[in-house]
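K.L.:
Contents of upload07.pdb (PDB, C-alpha atoms) are given next:
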ATOM      1  CA  MET A 714     111.334-123.452 -87.810
ATOM      2  CA  ASP A 715     108.208-123.061 -85.678
ATOM      3  CA  ASP A 716     104.870-122.400 -87.325
ATOM      4  CA  SER A 717     102.692-122.933 -84.221
ATOM      5  CA  LEU A 718      99.625-123.479 -86.397
ATOM      6  CA  GLU A 719      97.681-125.575 -83.886
ATOM      7  CA  SER A 720      96.450-122.540 -81.970
ATOM      8  CA  HIS A 721      93.276-120.804 -83.156
ATOM      9  CA  GLY A 722      91.700-117.430 -82.442
ATOM     10  CA  GLN A 723      95.030-115.592 -82.159
ATOM     11  CA  GLU A 724      96.433-113.108 -84.622
ATOM     12  CA  HIS A 725      99.148-114.784 -86.655
ATOM     13  CA  ILE A 726     102.458-112.972 -87.138
ATOM     14  CA  LEU A 727     105.173-114.051 -89.593
ATOM     15  CA  ILE A 728     108.693-112.863 -88.738
ATOM     16  CA  ILE A 729     111.215-112.963 -91.589
ATOM     17  CA  GLU A 730     114.544-112.310 -89.877
ATOM     18  CA  ASP A 731     117.948-114.011 -90.250
ATOM     19  CA  ASP A 732     119.220-112.922 -86.819
ATOM     20  CA  GLU A 733     118.214-116.067 -84.936
ATOM     21  CA  ARG A 734     118.571-114.567 -81.462
ATOM     22  CA  LEU A 735     116.500-111.488 -82.348
ATOM     23  CA  ALA A 736     113.863-113.623 -84.064
ATOM     24  CA  ASP A 737     113.566-115.966 -81.073
ATOM     25  CA  LEU A 738     113.388-113.113 -78.557
ATOM     26  CA  THR A 739     110.764-111.317 -80.641
ATOM     27  CA  ARG A 740     108.718-114.494 -81.008
ATOM     28  CA  ASP A 741     108.818-115.154 -77.255
ATOM     29  CA  TYR A 742     107.765-111.579 -76.497
ATOM     30  CA  LEU A 743     104.890-111.618 -78.982
ATOM     31  CA  GLU A 744     103.671-115.032 -77.862
ATOM     32  CA  ALA A 745     103.670-113.759 -74.264
ATOM     33  CA  ASN A 746     101.400-110.963 -75.530
ATOM     34  CA  GLY A 747      98.903-113.348 -77.095
ATOM     35  CA  PHE A 748     100.090-113.668 -80.691
ATOM     36  CA  ARG A 749     100.736-116.789 -82.752
ATOM     37  CA  VAL A 750     104.143-116.551 -84.417
ATOM     38  CA  SER A 751     105.925-118.205 -87.355
ATOM     39  CA  LEU A 752     109.598-117.710 -88.204
ATOM     40  CA  GLU A 753     111.528-117.654 -91.471
ATOM     41  CA  ALA A 754     115.264-116.916 -91.720
ATOM     42  CA  ASP A 755     115.837-117.271 -95.465
ATOM     43  CA  GLY A 756     114.852-114.345 -97.682
ATOM     44  CA  ALA A 757     114.665-116.689-100.658
ATOM     45  CA  ARG A 758     111.660-118.356 -99.039
ATOM     46  CA  GLY A 759     110.058-115.132 -97.846
ATOM     47  CA  VAL A 760     107.583-114.625-100.699
ATOM     48  CA  GLU A 761     106.500-118.268-100.635
ATOM     49  CA  ARG A 762     105.922-118.204 -96.873
ATOM     50  CA  ILE A 763     103.917-114.966 -96.891
ATOM     51  CA  LEU A 764     101.640-116.124 -99.693
ATOM     52  CA  ALA A 765     101.196-119.613 -98.234
ATOM     53  CA  LEU A 766     100.496-118.539 -94.656
ATOM     54  CA  GLN A 767      98.642-115.248 -95.333
ATOM     55  CA  PRO A 768      99.417-114.060 -91.765
ATOM     56  CA  ASP A 769      97.615-111.160 -90.098
ATOM     57  CA  LEU A 770     100.875-109.180 -90.150
ATOM     58  CA  VAL A 771     104.426-109.631 -91.473
ATOM     59  CA  ILE A 772     107.549-108.385 -89.694
ATOM     60  CA  LEU A 773     110.147-108.185 -92.454
ATOM     61  CA  ASP A 774     113.863-107.458 -92.072
ATOM     62  CA  LEU A 775     115.369-105.219 -94.733
ATOM     63  CA  MET A 776     118.674-107.096 -95.057
ATOM     64  CA  LEU A 777     118.237-110.833 -95.599
ATOM     65  CA  PRO A 778     120.197-113.660 -97.219
ATOM     66  CA  GLY A 779     118.748-114.948-100.479
ATOM     67  CA  GLU A 780     116.428-112.008-101.189
ATOM     68  CA  ASP A 781     116.219-108.644 -99.452
ATOM     69  CA  GLY A 782     113.157-107.244 -97.742
ATOM     70  CA  LEU A 783     112.497-104.586-100.375
ATOM     71  CA  SER A 784     112.274-107.181-103.137
ATOM     72  CA  ILE A 785     110.066-109.466-101.029
ATOM     73  CA  CYS A 786     107.728-106.590-100.202
ATOM     74  CA  ARG A 787     107.417-105.552-103.836
ATOM     75  CA  ARG A 788     106.741-109.100-105.037
ATOM     76  CA  VAL A 789     103.997-109.992-102.527
ATOM     77  CA  ARG A 790     102.049-106.744-102.572
ATOM     78  CA  GLY A 791      99.610-107.784-105.293
ATOM     79  CA  GLU A 792      98.628-110.991-103.468
ATOM     80  CA  TYR A 793      99.057-110.208 -99.778
ATOM     81  CA  PRO A 794      96.647-107.568 -98.410
ATOM     82  CA  GLY A 795      97.820-107.536 -94.794
ATOM     83  CA  PRO A 796     100.180-105.035 -93.142
ATOM     84  CA  ILE A 797     103.962-105.321 -93.527
ATOM     85  CA  LEU A 798     106.179-103.859 -90.805
ATOM     86  CA  MET A 799     109.767-103.475 -91.973
ATOM     87  CA  LEU A 800     112.831-103.640 -89.725
ATOM     88  CA  THR A 801     115.865-101.617 -90.773
ATOM     89  CA  ALA A 802     119.287-101.459 -89.165
ATOM     90  CA  ARG A 803     120.056 -98.287 -91.090
ATOM     91  CA  THR A 804     118.999 -94.777 -90.173
ATOM     92  CA  ASP A 805     119.164 -93.531 -93.764
ATOM     93  CA  ASP A 806     115.844 -91.966 -94.778
ATOM     94  CA  MET A 807     116.201 -93.485 -98.240
ATOM     95  CA  ASP A 808     115.889 -97.029 -96.868
ATOM     96  CA  GLN A 809     112.691 -96.062 -95.108
ATOM     97  CA  VAL A 810     111.349 -94.260 -98.181
ATOM     98  CA  LEU A 811     112.195 -97.222-100.431
ATOM     99  CA  GLY A 812     110.458 -99.589 -98.032
ATOM    100  CA  LEU A 813     107.310 -97.487 -98.112
ATOM    101  CA  GLU A 814     107.477 -97.226-101.897
ATOM    102  CA  MET A 815     107.704-101.010-102.191
ATOM    103  CA  GLY A 816     104.528-101.338-100.123
ATOM    104  CA  ALA A 817     105.597-101.527 -96.473
ATOM    105  CA  ASP A 818     103.023-100.081 -94.054
ATOM    106  CA  ASP A 819     105.448 -98.951 -91.349
ATOM    107  CA  TYR A 820     109.031 -99.423 -90.230
ATOM    108  CA  VAL A 821     110.890 -99.829 -86.940
ATOM    109  CA  PRO A 822     114.644 -99.159 -86.680
ATOM    110  CA  LYS A 823     117.041-101.632 -85.075
ATOM    111  CA  PRO A 824     117.905-102.239 -82.319
ATOM    112  CA  VAL A 825     114.248-103.115 -81.864
ATOM    113  CA  GLN A 826     112.539-101.955 -78.697
ATOM    114  CA  PRO A 827     109.891-104.627 -77.951
ATOM    115  CA  ARG A 828     107.302-102.183 -76.617
ATOM    116  CA  VAL A 829     107.683 -99.902 -79.646
ATOM    117  CA  LEU A 830     107.369-102.879 -81.987
ATOM    118  CA  LEU A 831     104.254-104.094 -80.183
ATOM    119  CA  ALA A 832     102.667-100.630 -80.250
ATOM    120  CA  ARG A 833     103.299-100.266 -83.993
ATOM    121  CA  MET A 834     101.923-103.751 -84.660
ATOM    122  CA  ARG A 835      98.767-103.097 -82.688
ATOM    123  CA  ALA A 836      98.233 -99.789 -84.487
ATOM    124  CA  LEU A 837      98.468-101.545 -87.867
ATOM    125  CA  LEU A 838      96.140-104.344 -86.790
ATOM    126  CA  ARG A 839      93.623-101.887 -85.297
ATOM    127  CA  ARG A 840      93.655 -99.934 -88.530
ATOM    128  CA  THR A 841      92.806-103.044 -90.514
ATOM    129  CA  GLU A 842      90.015-103.981 -88.100
ATOM    130  CA  ALA A 843      88.598-100.447 -88.131
ATOM    131  CA  ALA A 844      88.494-100.425 -91.917
ATOM    132  CA  GLU A 845      86.596-103.715 -91.945
ATOM    133  CA  ALA A 846      84.135-102.507 -89.291
ATOM    134  CA  SER A 847      83.470 -99.093 -90.814
ATOM    135  CA  GLY A 848      79.825 -98.434 -91.578
ATOM    136  CA  GLU A 849      80.492 -96.192 -94.582
ATOM    137  CA  THR A 850      81.752 -98.326 -97.420
ATOM    138  CA  ARG A 851      81.877 -96.395-100.709
ATOM    139  CA  LEU A 852      82.789 -92.857-101.702
ATOM    140  CA  VAL A 853      82.408 -91.445-105.214
ATOM    141  CA  PHE A 854      84.154 -88.328-106.525
ATOM    142  CA  GLY A 855      83.381 -88.005-110.226
ATOM    143  CA  ASN A 856      85.436 -90.666-112.000
ATOM    144  CA  LEU A 857      87.048 -91.857-108.766
ATOM    145  CA  GLU A 858      85.393 -94.539-106.604
ATOM    146  CA  ILE A 859      86.759 -95.784-103.286
ATOM    147  CA  ASP A 860      85.283 -98.856-101.570
ATOM    148  CA  ASN A 861      86.219 -99.460 -97.952
ATOM    149  CA  ALA A 862      84.501-102.863 -97.809
ATOM    150  CA  THR A 863      86.642-104.372-100.550
ATOM    151  CA  ARG A 864      89.551-101.967 -99.878
ATOM    152  CA  GLU A 865      89.726-101.131-103.584
ATOM    153  CA  ALA A 866      89.551 -97.987-105.684
ATOM    154  CA  TRP A 867      88.765 -97.367-109.344
ATOM    155  CA  LEU A 868      89.570 -94.508-111.713
ATOM    156  CA  GLU A 869      87.239 -94.323-114.715
ATOM    157  CA  GLY A 870      86.210 -97.913-114.005
ATOM    158  CA  GLU A 871      89.784 -99.231-113.935
ATOM    159  CA  ARG A 872      91.012-100.745-110.669
ATOM    160  CA  ILE A 873      93.861 -98.771-109.074
ATOM    161  CA  ASP A 874      96.868-100.679-107.745
ATOM    162  CA  LEU A 875      97.223 -99.444-104.146
ATOM    163  CA  THR A 876      99.212-100.831-101.258
ATOM    164  CA  SER A 877      97.390-101.378 -97.967
ATOM    165  CA  ALA A 878      98.976 -98.242 -96.483
ATOM    166  CA  GLU A 879      98.162 -96.172 -99.566
ATOM    167  CA  PHE A 880      94.527 -97.257 -99.463
ATOM    168  CA  ASP A 881      94.237 -96.394 -95.763
ATOM    169  CA  LEU A 882      95.630 -92.916 -96.346
ATOM    170  CA  LEU A 883      93.432 -92.340 -99.407
ATOM    171  CA  TRP A 884      90.335 -93.459 -97.495
ATOM    172  CA  LEU A 885      91.198 -91.245 -94.518
ATOM    173  CA  LEU A 886      91.668 -88.180 -96.713
ATOM    174  CA  ALA A 887      88.628 -88.890 -98.908
ATOM    175  CA  SER A 888      86.318 -89.591 -95.969
ATOM    176  CA  ASN A 889      87.315 -86.155 -94.636
ATOM    177  CA  ALA A 890      86.919 -84.431 -98.016
ATOM    178  CA  GLY A 891      86.761 -80.650 -97.687
ATOM    179  CA  ARG A 892      88.662 -80.616 -94.382
ATOM    180  CA  VAL A 893      92.385 -80.110 -93.902
ATOM    181  CA  LEU A 894      93.968 -83.020 -92.047
ATOM    182  CA  THR A 895      97.167 -82.131 -90.239
ATOM    183  CA  ARG A 896     100.104 -84.495 -90.266
ATOM    184  CA  GLU A 897      99.553 -84.921 -86.542
ATOM    185  CA  GLU A 898      95.991 -86.154 -87.171
ATOM    186  CA  ILE A 899      97.093 -88.440 -89.970
ATOM    187  CA  PHE A 900      99.867 -90.020 -87.900
ATOM    188  CA  SER A 901      97.538 -90.498 -84.951
ATOM    189  CA  GLN A 902      94.859 -92.142 -87.098
ATOM    190  CA  LEU A 903      97.084 -94.336 -89.241
ATOM    191  CA  ARG A 904     100.106 -95.140 -87.118
ATOM    192  CA  GLY A 905      98.975 -94.594 -83.552
ATOM    193  CA  ILE A 906     101.988 -92.395 -82.800
ATOM    194  CA  LYS A 907     102.740 -88.694 -82.511
ATOM    195  CA  TYR A 908     104.213 -86.888 -85.488
ATOM    196  CA  ASP A 909     107.852 -86.037 -84.764
ATOM    197  CA  GLY A 910     108.051 -83.285 -87.366
ATOM    198  CA  GLN A 911     110.571 -85.176 -89.506
ATOM    199  CA  ASP A 912     109.005 -88.460 -90.644
ATOM    200  CA  ARG A 913     108.406 -88.354 -94.416
ATOM    201  CA  SER A 914     106.289 -91.490 -94.777
ATOM    202  CA  ILE A 915     102.965 -89.673 -95.245
ATOM    203  CA  ASP A 916     104.473 -87.341 -97.866
ATOM    204  CA  VAL A 917     105.906 -90.325 -99.730
ATOM    205  CA  ARG A 918     102.525 -92.027 -99.797
ATOM    206  CA  VAL A 919     100.700 -88.923-100.967
ATOM    207  CA  SER A 920     103.213 -88.504-103.809
ATOM    208  CA  ARG A 921     102.599 -92.114-104.861
ATOM    209  CA  ILE A 922      98.799 -91.891-104.572
ATOM    210  CA  ARG A 923      98.398 -88.718-106.636
ATOM    211  CA  PRO A 924      99.248 -90.102-110.094
ATOM    212  CA  LYS A 925      97.290 -93.273-109.365
ATOM    213  CA  ILE A 926      94.069 -91.282-108.872
ATOM    214  CA  GLY A 927      94.645 -89.035-111.880
ATOM    215  CA  ASP A 928      96.182 -86.149-109.964
ATOM    216  CA  ASP A 929      98.907 -84.028-111.510
ATOM    217  CA  PRO A 930     101.838 -84.262-109.039
ATOM    218  CA  ASN A 931     102.935 -80.727-109.972
ATOM    219  CA  GLN A 932      99.474 -79.137-109.835
ATOM    220  CA  PRO A 933      97.279 -81.539-107.843
ATOM    221  CA  HIS A 934      93.547 -80.937-107.862
ATOM    222  CA  ARG A 935      92.341 -83.851-105.694
ATOM    223  CA  ILE A 936      94.881 -83.996-102.853
ATOM    224  CA  LYS A 937      96.266 -80.548-102.131
ATOM    225  CA  THR A 938      99.172 -79.764 -99.839
ATOM    226  CA  VAL A 939      98.264 -77.059 -97.356
ATOM    227  CA  ARG A 940     101.527 -75.391 -96.432
ATOM    228  CA  SER A 941     102.617 -75.828 -92.796
ATOM    229  CA  LYS A 942      99.417 -77.745 -92.035
ATOM    230  CA  GLY A 943      98.782 -80.962 -93.916
ATOM    231  CA  TYR A 944      96.606 -82.263 -96.741
ATOM    232  CA  LEU A 945      93.175 -81.503 -98.146
ATOM    233  CA  PHE A 946      91.122 -83.894-100.273
ATOM    234  CA  VAL A 947      89.051 -81.638-102.526
ATOM    235  CA  LYS A 948      85.382 -82.389-103.096
ATOM    236  CA  GLU A 949      84.212 -82.379-106.678
ATOM    237  CA  PRO A 950      82.730 -78.969-107.622
TER     238      PRO A 950
END
When written as structure tokens, how does the structure in this file appear?
P.N.:
Amino acid sequence: MDDSLESHGQEHILIIEDDERLADLTRDYLEANGFRVSLEADGARGVERILALQPDLVILDLMLPGEDGLSICRRVRGEYPGPILMLTARTDDMDQVLGLEMGADDYVPKPVQPRVLLARMRALLRRTEAAEASGETRLVFGNLEIDNATREAWLEGERIDLTSAEFDLLWLLASNAGRVLTREEIFSQLRGIKYDGQDRSIDVRVSRIRPKIGDDPNQPHRIKTVRSKGYLFVKEP
């Protein structure tokens, strides 16, 4: 197991993957592109490693010995704020939806294309950096407060439990309150890729955010779906 912790000033990536050949090839590719990489093959040690290392980004396989990626993702989300990129060998939408519901920020299907993986990683890391560098830090909408500096939100003074991806989407919508954001815009801003017309990840996140911010999922008043277009965060009247 290689933790390569001597190097400083590089973004640290933790790969949790039991396919040794894939893990080694991915590590070599990422190191050639300037990253510092740690490996873990045992799912049973996944939570411990993420919390101990606090890497800049986690690449997490869905199917692992010891403990699967969905369980690991769910267990670390309260204590690990960084992005989690999930790898899935299945094409079933439900696996991708479950991963997002457990707190994953994005997913890449296997077989992994190195350039696609790198592009998705960089988009996630840029998003984190942009949030930290943003000049506007706090938005208030009645009983809802959203703070981009601390990456936290509160409803009636109570802290809302949001994943990193959910916070980023909420902040994007709220900072554009009163304007319809198309799915194309949202995908470009949050994932750095074009919307293919089929990906459901944004819809899944919106459905999870709504009840957390006091929105009625059946008759939402804060985040409205604009048919055939996208989403609108409504300003308080």
K.L.:
Restricting the calculation to all atoms listed in the file: of A:Ile915, A:Glu730, A:Trp867, A:Asn861, which residue gets closest to Ala802 of chain A?
P.N.:
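Ranked by minimum distance to Ala802 of chain A, first place goes to A:Glu730.
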K.L.:
Need to verify the contact set: segment 740-742 of chain A, 8 Å, only C-alpha atoms, exclusion of same-chain residues closer than 3 positions in sequence. Can you return it as a ChimeraX atom specification?
P.N.:
/A:728,736-737,745-746,750-752,827
K.L.:
If you apply the PyMOL selection byres ((chain A and resi 784) around 10) to this file, what residues do you get, as number ranges by chain?
P.N.:
A: 756, 759-760, 775, 780-783, 785-789, 812, 815
K.L.:
Would you export the selected residues with C-alpha atoms as an mmCIF file, keeping the file's coordinate frame, please?
P.N.:
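Wrote it out as again.cif, contents follow:
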data_model
loop_
_atom_site.group_PDB
_atom_site.id
_atom_site.type_symbol
_atom_site.label_atom_id
_atom_site.label_comp_id
_atom_site.auth_asym_id
_atom_site.auth_seq_id
_atom_site.Cartn_x
_atom_site.Cartn_y
_atom_site.Cartn_z
ATOM 1 C CA GLY A 756 114.852 -114.345 -97.682
ATOM 2 C CA GLY A 759 110.058 -115.132 -97.846
ATOM 3 C CA VAL A 760 107.583 -114.625 -100.699
ATOM 4 C CA LEU A 775 115.369 -105.219 -94.733
ATOM 5 C CA GLU A 780 116.428 -112.008 -101.189
ATOM 6 C CA ASP A 781 116.219 -108.644 -99.452
ATOM 7 C CA GLY A 782 113.157 -107.244 -97.742
ATOM 8 C CA LEU A 783 112.497 -104.586 -100.375
ATOM 9 C CA ILE A 785 110.066 -109.466 -101.029
ATOM 10 C CA CYS A 786 107.728 -106.590 -100.202
ATOM 11 C CA ARG A 787 107.417 -105.552 -103.836
ATOM 12 C CA ARG A 788 106.741 -109.100 -105.037
ATOM 13 C CA VAL A 789 103.997 -109.992 -102.527
ATOM 14 C CA GLY A 812 110.458 -99.589 -98.032
ATOM 15 C CA MET A 815 107.704 -101.010 -102.191
#
K.L.:
Expand the PyMOL selection byres ((chain A and resi 871) around 12) into the explicit residue set it covers here, and present it as a VMD selection string.
P.N.:
chain A and resid 856 to 859 865 to 870 872 to 874 925 to 927
K.L.:
Calculated over all atoms listed in the file, which of the candidates A:Met799, A:Ile729, A:Leu894, A:Leu838 has the smallest distance to Leu770 of chain A?
P.N.:
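Smallest separation from Leu770 of chain A among the options: A:Leu838.
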K.L.:
Show which residues sit within 9 Å of Tyr793 of chain A, as a list in words. Count all atoms listed in the file, and ignore same-chain residues fewer than 5 positions away.
P.N.:
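Result of the neighbour search: Ile763, Leu764, Gln767 and Pro768 of chain A.
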K.L.:
Could you tell me how far atom CA of Arg918 of chain A lies from atom CA of Arg833 of chain A, in Å and to one decimal?
P.N.:
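Result for atom CA of Arg918 of chain A versus atom CA of Arg833 of chain A: 17.8 Å, one decimal.
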K.L.:
Hey, can you check how far atom CA of Ala862 of chain A sits from atom CA of Leu813 of chain A?
P.N.:
23.4 Å
